[in-house]
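Notes for the one structure printed next.
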Amino acid sequence: MKIHKYDTVIVGAGGAGMRAAIEATKRSRTAVLTKLYPTRSHTGAAQGGMAAALANVEEDNWEWHTFDTVKGGDYLVDQDAAEILAKEAIDSVLDLEKMGLPFNRTPDGTIDQRRFGGHSRNHGEAPVRRSCYAADRTGHMILQTLYQNCVKEGVEFFNEFYVLDQLMTEVDGVRKSAGVVAYELATGEIHVFQAKAVIYASGGCGKFFKVTSNAHTLTGDGQAAVYRRGLPLEDMEFFQFHPTGIWRMGILLTEGARGEGGILRNKDGERFMEKYAPVMKDLASRDVVSRSIYTEIREGRGCGPEGDHVYLDLTHLPPEQLDAKLPDITEFARTYLGIEPYTDPIPIQPTAHYAMGGIPTNVQGEVLADNTTVVPGLYAAGEVACVSVHGANRLGTNSLLDINVFGRRAGIAAAEYSQKADFVELPENPESLVVEQIERLRNSTGNERVAELRRELQETMDANVMVFRTEQTIKTAVEKIAELRERYKNVAIQDKGKRFNTDLLEAVELGNLLDLAEVMAVSALARKESRGGHYREDYPNRDDVNFMRHTMAYREVGADGTESIRLDYKPVVQTRYQPMERKY
Amino acid sequence: MATPVLDKADATPEPGFADSPYITVTFRVRRFNPEVSAEATWQDFQLEIDPKERVLDGLHKIKWDLDGTLTFRRSCAHGICGSDAMRINGKNRLACKTLIKDINPEKPITIEPIKGLTVLKDLVVDMEPFFQAYRDVMPFLITKDTNEPTRERLQSAEDRERFDDTTKCILCAACTSSCPVFWNDGQYFGPAAIVNAHRFIFDSRDEAGEQRLEILNDRDGVWRCRTTFNCTDACPRGIEVTKAIAEVKRALITRRF
Ligand SMILES: Cc1cc2nc3c(=O)[nH]c(=O)nc-3n(C[C@H](O)[C@H](O)[C@H](O)COP(=O)(O)OP(=O)(O)OC[C@H]3O[C@@H](n4cnc5c(N)ncnc54)[C@H](O)[C@@H]3O)c2cc1C
Ligand code: SF4
Ligand code: FES
């Protein structure tokens, strides 16, 4: 075991982690631990754009953006945070441009902007061009630009280091963050990082679904590490299903495709979104469009021999426009489906995309131990966190914005904290939990296989807690997850070595997915209403009287060692906007 | 409101819809684990697979159902993160962007690590020298402080277009590890580093072109390139790598960029 000491440790080198690192490195001795090389992070897969009311191509302002964010999130958004997001969006885009990001340009040379779902002029009047973009590679450009600037600033990375545990020490009755424990992939060595401040920026957890736009590595490690140490997870029942994933594969085709004029059609060629969202049509918010697609499929208007998908039709758009604005996604259709988007519509289905919930933080990125108490020295930003700016449903282009605005804020806040704070003493045998976990998996002679359990988990999640949920389906999922968690105790791996043991780490990641899936299902069961991404067929309406509140899920361990989940609730911060019925 | 396009699609099964019976293929994989043996060996695996699946899906089938010790890097699974460049049937490709049907599944499919970088285990190589060369070309925008814009900096659409091709790089190393010059001399910057220098040299906003050109004028710089086009063939992002290198060479001679 090795012990390292840094002022600030950042877990994750995606957009949020690197944006934080650029700030933290300037102010404190900082280490970034990341399980992937920074440029492999899934921020690079983001396509469509980053929202900011620059008003470069038409009238716009940050107040409209705030409203759209609150409405898009079905009023579960904390409005003070949404206002910060929308206001700081403008500088955030300009900062990236200064760092070198090659945005697409207007004929005047300003940053070009395009339409995106749920973003409107004057509180829902009509779609507005608010998304700043670089073709359909915006996330790639953000990730590259941030990495380039990390190289410039001399940020210190520990690549292929998996953080597996969060260390907490009680000082005068207050639980503080003391550091993290990491596993080095290349050698199998355990590293303890003592740090005054830790920032989690470890991304989402979409891999508990089968059809997903998420990378294999998005397994919720950060959420799980913090949760296991008794800290809450907020709003985990809210997961976004993006309307346009490639049929059966889940690879994303950006909403920008509809922003450029693409149309969803059923098997009769009908532009069905006109029925469900007369004003915004194909550009209604994602939860609305995903439900509409499944309604079409259920009512027998789906396409293909099994009627299990619909079409994204780009054939009426000029090939030059597709080449200039959507080069990557049209190539995906060619590569993976053998379809030519110039002439043929693309089969699509909703795909599990984004975790609205996560580690609760305030607007400085400080992690909360309950509804109000801050955990000294602990921060989170990006998809792993829940500020909450996305509420029950995130608007497209608001996440690339979130990682930049709150990544920056968390980086500054954490470094300022570590400048004035002292190191907290490490707990005794800080590595013990991780060592125990790894040794158990390595020495297990059980008969369960990681891949099989993961497949069963993904199947039950797709079948029971996707776009439509009922008490019955969620209960089925809860029971199945409990069974899988039992069987997980007998999981064995084949690779017993130390060097690049990805067999072992997949087993660890599965454990994280199982924990988070359970939190998600249990939180969903208790929310007896429909709001944003959480749609209960048995409770089809939003219930502001009983459920205008955030879910806070805690792991409890009984005296006999049995684990359970305790749910609590936290009020939503409302400032300007009163909840209204959501129409698009 | 049926569009002609959709009528056509309904009449004939469109590509990607045809019934796809599973076929049996052999994956012949280069195995190496110094914890077990100092020698690398070939190992064959028989798989039942849909030919429309990716080589990466095949590797996952092996790892998940047959042999958990098989080791490779991967993340996004759709050609965006650059993790899984490998030599597939002798050619550098991304495993997640190569469909089984496109590489003649009748014969065994050979899979080896990319060349020119030290193999650490199975298909995993040491990427550090590759990233070091990248960092050496100063891959970040440099502007004189006095030119910091107060609000938005402008760039014409044409100027932006000038370096578009080289912004697409995902640092997968398929190009560099297909280059015979790089195989023979690991000191050579390699195509990927030059591609990333190009991305800044031809960016109208950047003011350090001269410095970057000097770095590439080095003994191990662009002049080592012998224009074999392997890199362009290998690039999964369709970047015209050889052309970018040629443009850098030309800029070195004319000092115009
Ligand atoms: C296909 C796709 C398209 C999208 N398009 C858009 C879009 O157009 N606009 C928009 O706003 N949003 C979009 N999103 C959402 C957005 O891209 C993501 O939510 C966002 O990029 C997440 O960034 P992040 O920094 O939080 O996490 P990531 O970029 O996922 O980074 C996570 C980091 O954490 C590290 N990590 C994870 N676990 C560990 C561990 N145990 N130890 C150490 N390190 C760890 C990883 O190595 C990685 O560096 C899209 C998402 C997807 C999947
Ligand atoms: S230029 Fe192409 S092949 Fe080379 S590293 Fe970049 S993406 Fe990979
Ligand atoms: S797994 Fe990301 S490029 Fe292949």
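Residues in the structure tokens are numbered from 1 in each chain, the chains being A, B, ... in the order shown, and ligands are numbered from 1 in the order shown.
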Using DSSP on the backbone, list every residue of range 189-262 of chain A that comes out as helix (DSSP H, G or I), and give them as a compact mmCIF listing (two decimals) with all heavy atoms, in the first residue's frame.
# COMPACT_ATOMS: atom_id res chain seq x y z
N GLY A 206 -25.44 4.71 -16.02
CA GLY A 206 -26.44 4.16 -16.95
C GLY A 206 -26.28 2.69 -17.28
O GLY A 206 -27.18 2.09 -17.87
N LYS A 207 -25.17 2.10 -16.88
CA LYS A 207 -24.96 0.70 -17.27
C LYS A 207 -25.84 -0.28 -16.53
O LYS A 207 -25.76 -1.47 -16.77
CB LYS A 207 -23.48 0.33 -17.09
CG LYS A 207 -22.71 0.39 -18.41
CD LYS A 207 -23.24 -0.59 -19.45
CE LYS A 207 -22.95 -0.14 -20.86
NZ LYS A 207 -23.52 -1.00 -21.91
N PHE A 208 -26.69 0.18 -15.60
CA PHE A 208 -27.64 -0.80 -15.07
C PHE A 208 -28.81 -1.04 -16.02
O PHE A 208 -29.63 -1.90 -15.78
CB PHE A 208 -28.06 -0.57 -13.61
CG PHE A 208 -28.50 0.81 -13.19
CD1 PHE A 208 -29.34 1.57 -13.97
CD2 PHE A 208 -28.08 1.30 -11.96
CE1 PHE A 208 -29.76 2.82 -13.54
CE2 PHE A 208 -28.49 2.56 -11.51
CZ PHE A 208 -29.33 3.32 -12.32
N ASP A 221 -19.54 4.45 -9.73
CA ASP A 221 -18.59 4.14 -8.64
C ASP A 221 -18.58 5.22 -7.56
O ASP A 221 -18.49 4.91 -6.37
CB ASP A 221 -17.16 4.01 -9.18
CG ASP A 221 -17.04 2.98 -10.29
OD1 ASP A 221 -18.03 2.26 -10.56
OD2 ASP A 221 -15.96 2.88 -10.89
N GLY A 222 -18.65 6.47 -7.97
CA GLY A 222 -18.59 7.58 -7.01
C GLY A 222 -19.82 7.61 -6.12
O GLY A 222 -19.71 7.70 -4.88
N GLN A 223 -21.00 7.50 -6.76
CA GLN A 223 -22.24 7.49 -5.98
C GLN A 223 -22.18 6.36 -4.96
O GLN A 223 -22.56 6.52 -3.79
CB GLN A 223 -23.46 7.26 -6.90
CG GLN A 223 -23.76 8.35 -7.90
CD GLN A 223 -23.05 8.13 -9.23
OE1 GLN A 223 -21.91 7.67 -9.26
NE2 GLN A 223 -23.70 8.48 -10.31
N ALA A 224 -21.74 5.18 -5.41
CA ALA A 224 -21.75 4.01 -4.54
C ALA A 224 -20.78 4.18 -3.37
O ALA A 224 -21.09 3.84 -2.23
CB ALA A 224 -21.42 2.75 -5.34
N ALA A 225 -19.60 4.74 -3.64
CA ALA A 225 -18.59 4.89 -2.58
C ALA A 225 -19.10 5.79 -1.46
O ALA A 225 -18.95 5.50 -0.27
CB ALA A 225 -17.30 5.47 -3.17
N VAL A 226 -19.75 6.87 -1.85
CA VAL A 226 -20.24 7.84 -0.88
C VAL A 226 -21.46 7.27 -0.12
O VAL A 226 -21.57 7.37 1.10
CB VAL A 226 -20.59 9.14 -1.63
CG1 VAL A 226 -21.45 10.04 -0.80
CG2 VAL A 226 -19.30 9.85 -2.06
N TYR A 227 -22.34 6.63 -0.88
CA TYR A 227 -23.56 6.04 -0.31
C TYR A 227 -23.21 4.98 0.74
O TYR A 227 -23.82 4.92 1.81
CB TYR A 227 -24.37 5.45 -1.46
CG TYR A 227 -25.57 4.63 -1.06
CD1 TYR A 227 -26.69 5.24 -0.49
CD2 TYR A 227 -25.60 3.26 -1.29
CE1 TYR A 227 -27.80 4.48 -0.15
CE2 TYR A 227 -26.71 2.51 -0.95
CZ TYR A 227 -27.80 3.11 -0.38
OH TYR A 227 -28.90 2.36 -0.04
N ARG A 228 -22.21 4.17 0.43
CA ARG A 228 -21.84 3.12 1.38
C ARG A 228 -21.30 3.67 2.68
O ARG A 228 -21.29 3.00 3.70
CB ARG A 228 -20.79 2.19 0.75
CG ARG A 228 -21.44 0.95 0.22
CD ARG A 228 -20.41 -0.01 -0.32
NE ARG A 228 -20.79 -0.33 -1.67
CZ ARG A 228 -19.99 -0.23 -2.72
NH1 ARG A 228 -18.74 0.15 -2.58
NH2 ARG A 228 -20.44 -0.53 -3.91
N GLY A 256 -30.01 17.18 -31.60
CA GLY A 256 -29.64 18.15 -32.62
C GLY A 256 -30.15 17.74 -33.99
O GLY A 256 -30.40 18.58 -34.86
N ALA A 257 -30.33 16.44 -34.20
CA ALA A 257 -30.86 15.96 -35.48
C ALA A 257 -32.28 16.50 -35.69
O ALA A 257 -32.65 16.91 -36.79
CB ALA A 257 -30.87 14.44 -35.53
N ARG A 258 -33.05 16.52 -34.60
CA ARG A 258 -34.39 17.12 -34.69
C ARG A 258 -34.28 18.64 -34.67
O ARG A 258 -35.06 19.32 -35.31
CB ARG A 258 -35.28 16.58 -33.57
CG ARG A 258 -35.79 15.17 -33.88
CD ARG A 258 -36.45 14.52 -32.68
NE ARG A 258 -35.44 14.09 -31.70
CZ ARG A 258 -35.56 14.21 -30.39
NH1 ARG A 258 -36.64 14.74 -29.87
NH2 ARG A 258 -34.60 13.79 -29.58
N GLY A 259 -33.26 19.16 -33.97
CA GLY A 259 -33.02 20.61 -33.99
C GLY A 259 -32.73 21.10 -35.40
O GLY A 259 -33.07 22.22 -35.77
Mind dumping a table of every chain A residue within 9 Å of ligand 3, with the nearest atom pair and its distance in Å to one decimal, using only C-alpha atoms and all ligand atoms, sorted by chain and rising number, as JSON lines?
{"residue": "A:Arg40", "atom": "CA", "partner": "ligand 3", "partner_atom_place_in_ligand_line": "2 (Fe)", "distance": 7.1}
{"residue": "A:His42", "atom": "CA", "partner": "ligand 3", "partner_atom_place_in_ligand_line": "2 (Fe)", "distance": 8.9}
{"residue": "A:Ala45", "atom": "CA", "partner": "ligand 3", "partner_atom_place_in_ligand_line": "2 (Fe)", "distance": 9.0}
{"residue": "A:Ala215", "atom": "CA", "partner": "ligand 3", "partner_atom_place_in_ligand_line": "2 (Fe)", "distance": 8.0}
{"residue": "A:His216", "atom": "CA", "partner": "ligand 3", "partner_atom_place_in_ligand_line": "1 (S)", "distance": 8.4}
Please, could you write that set of residues out with C-alpha atoms as a PDB file, in the first residue's frame?
ATOM      1  CA  ARG A  40     -11.554   8.409 -22.912  1.00  0.00           C
ATOM      2  CA  HIS A  42     -17.788   9.771 -21.782  1.00  0.00           C
ATOM      3  CA  ALA A  45     -19.532  11.153 -26.607  1.00  0.00           C
ATOM      4  CA  ALA A 215     -20.241   3.755 -21.881  1.00  0.00           C
ATOM      5  CA  HIS A 216     -19.395   0.371 -20.381  1.00  0.00           C
TER       6      HIS A 216
END
Using only C-alpha atoms and all ligand atoms, pick whichever of B:His60, B:Lys91, B:Lys52, B:Arg224 has the shortest atom-to-atom distance to ligand 2. B:Lys91
Please identify all polymer residues within 10 Å of Glu112 in chain B, counting only C-alpha atoms, omitting same-chain residues fewer than 4 positions from it, and present them as an MDAnalysis selection string. chainID B and resid 28:31 42 85:92 119 122:124
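Proximity of A:Asp172, A:Glu448, A:Glu425, A:Glu160 to ligand 1, computed with only C-alpha atoms and all ligand atoms, is greatest for A:Glu160.
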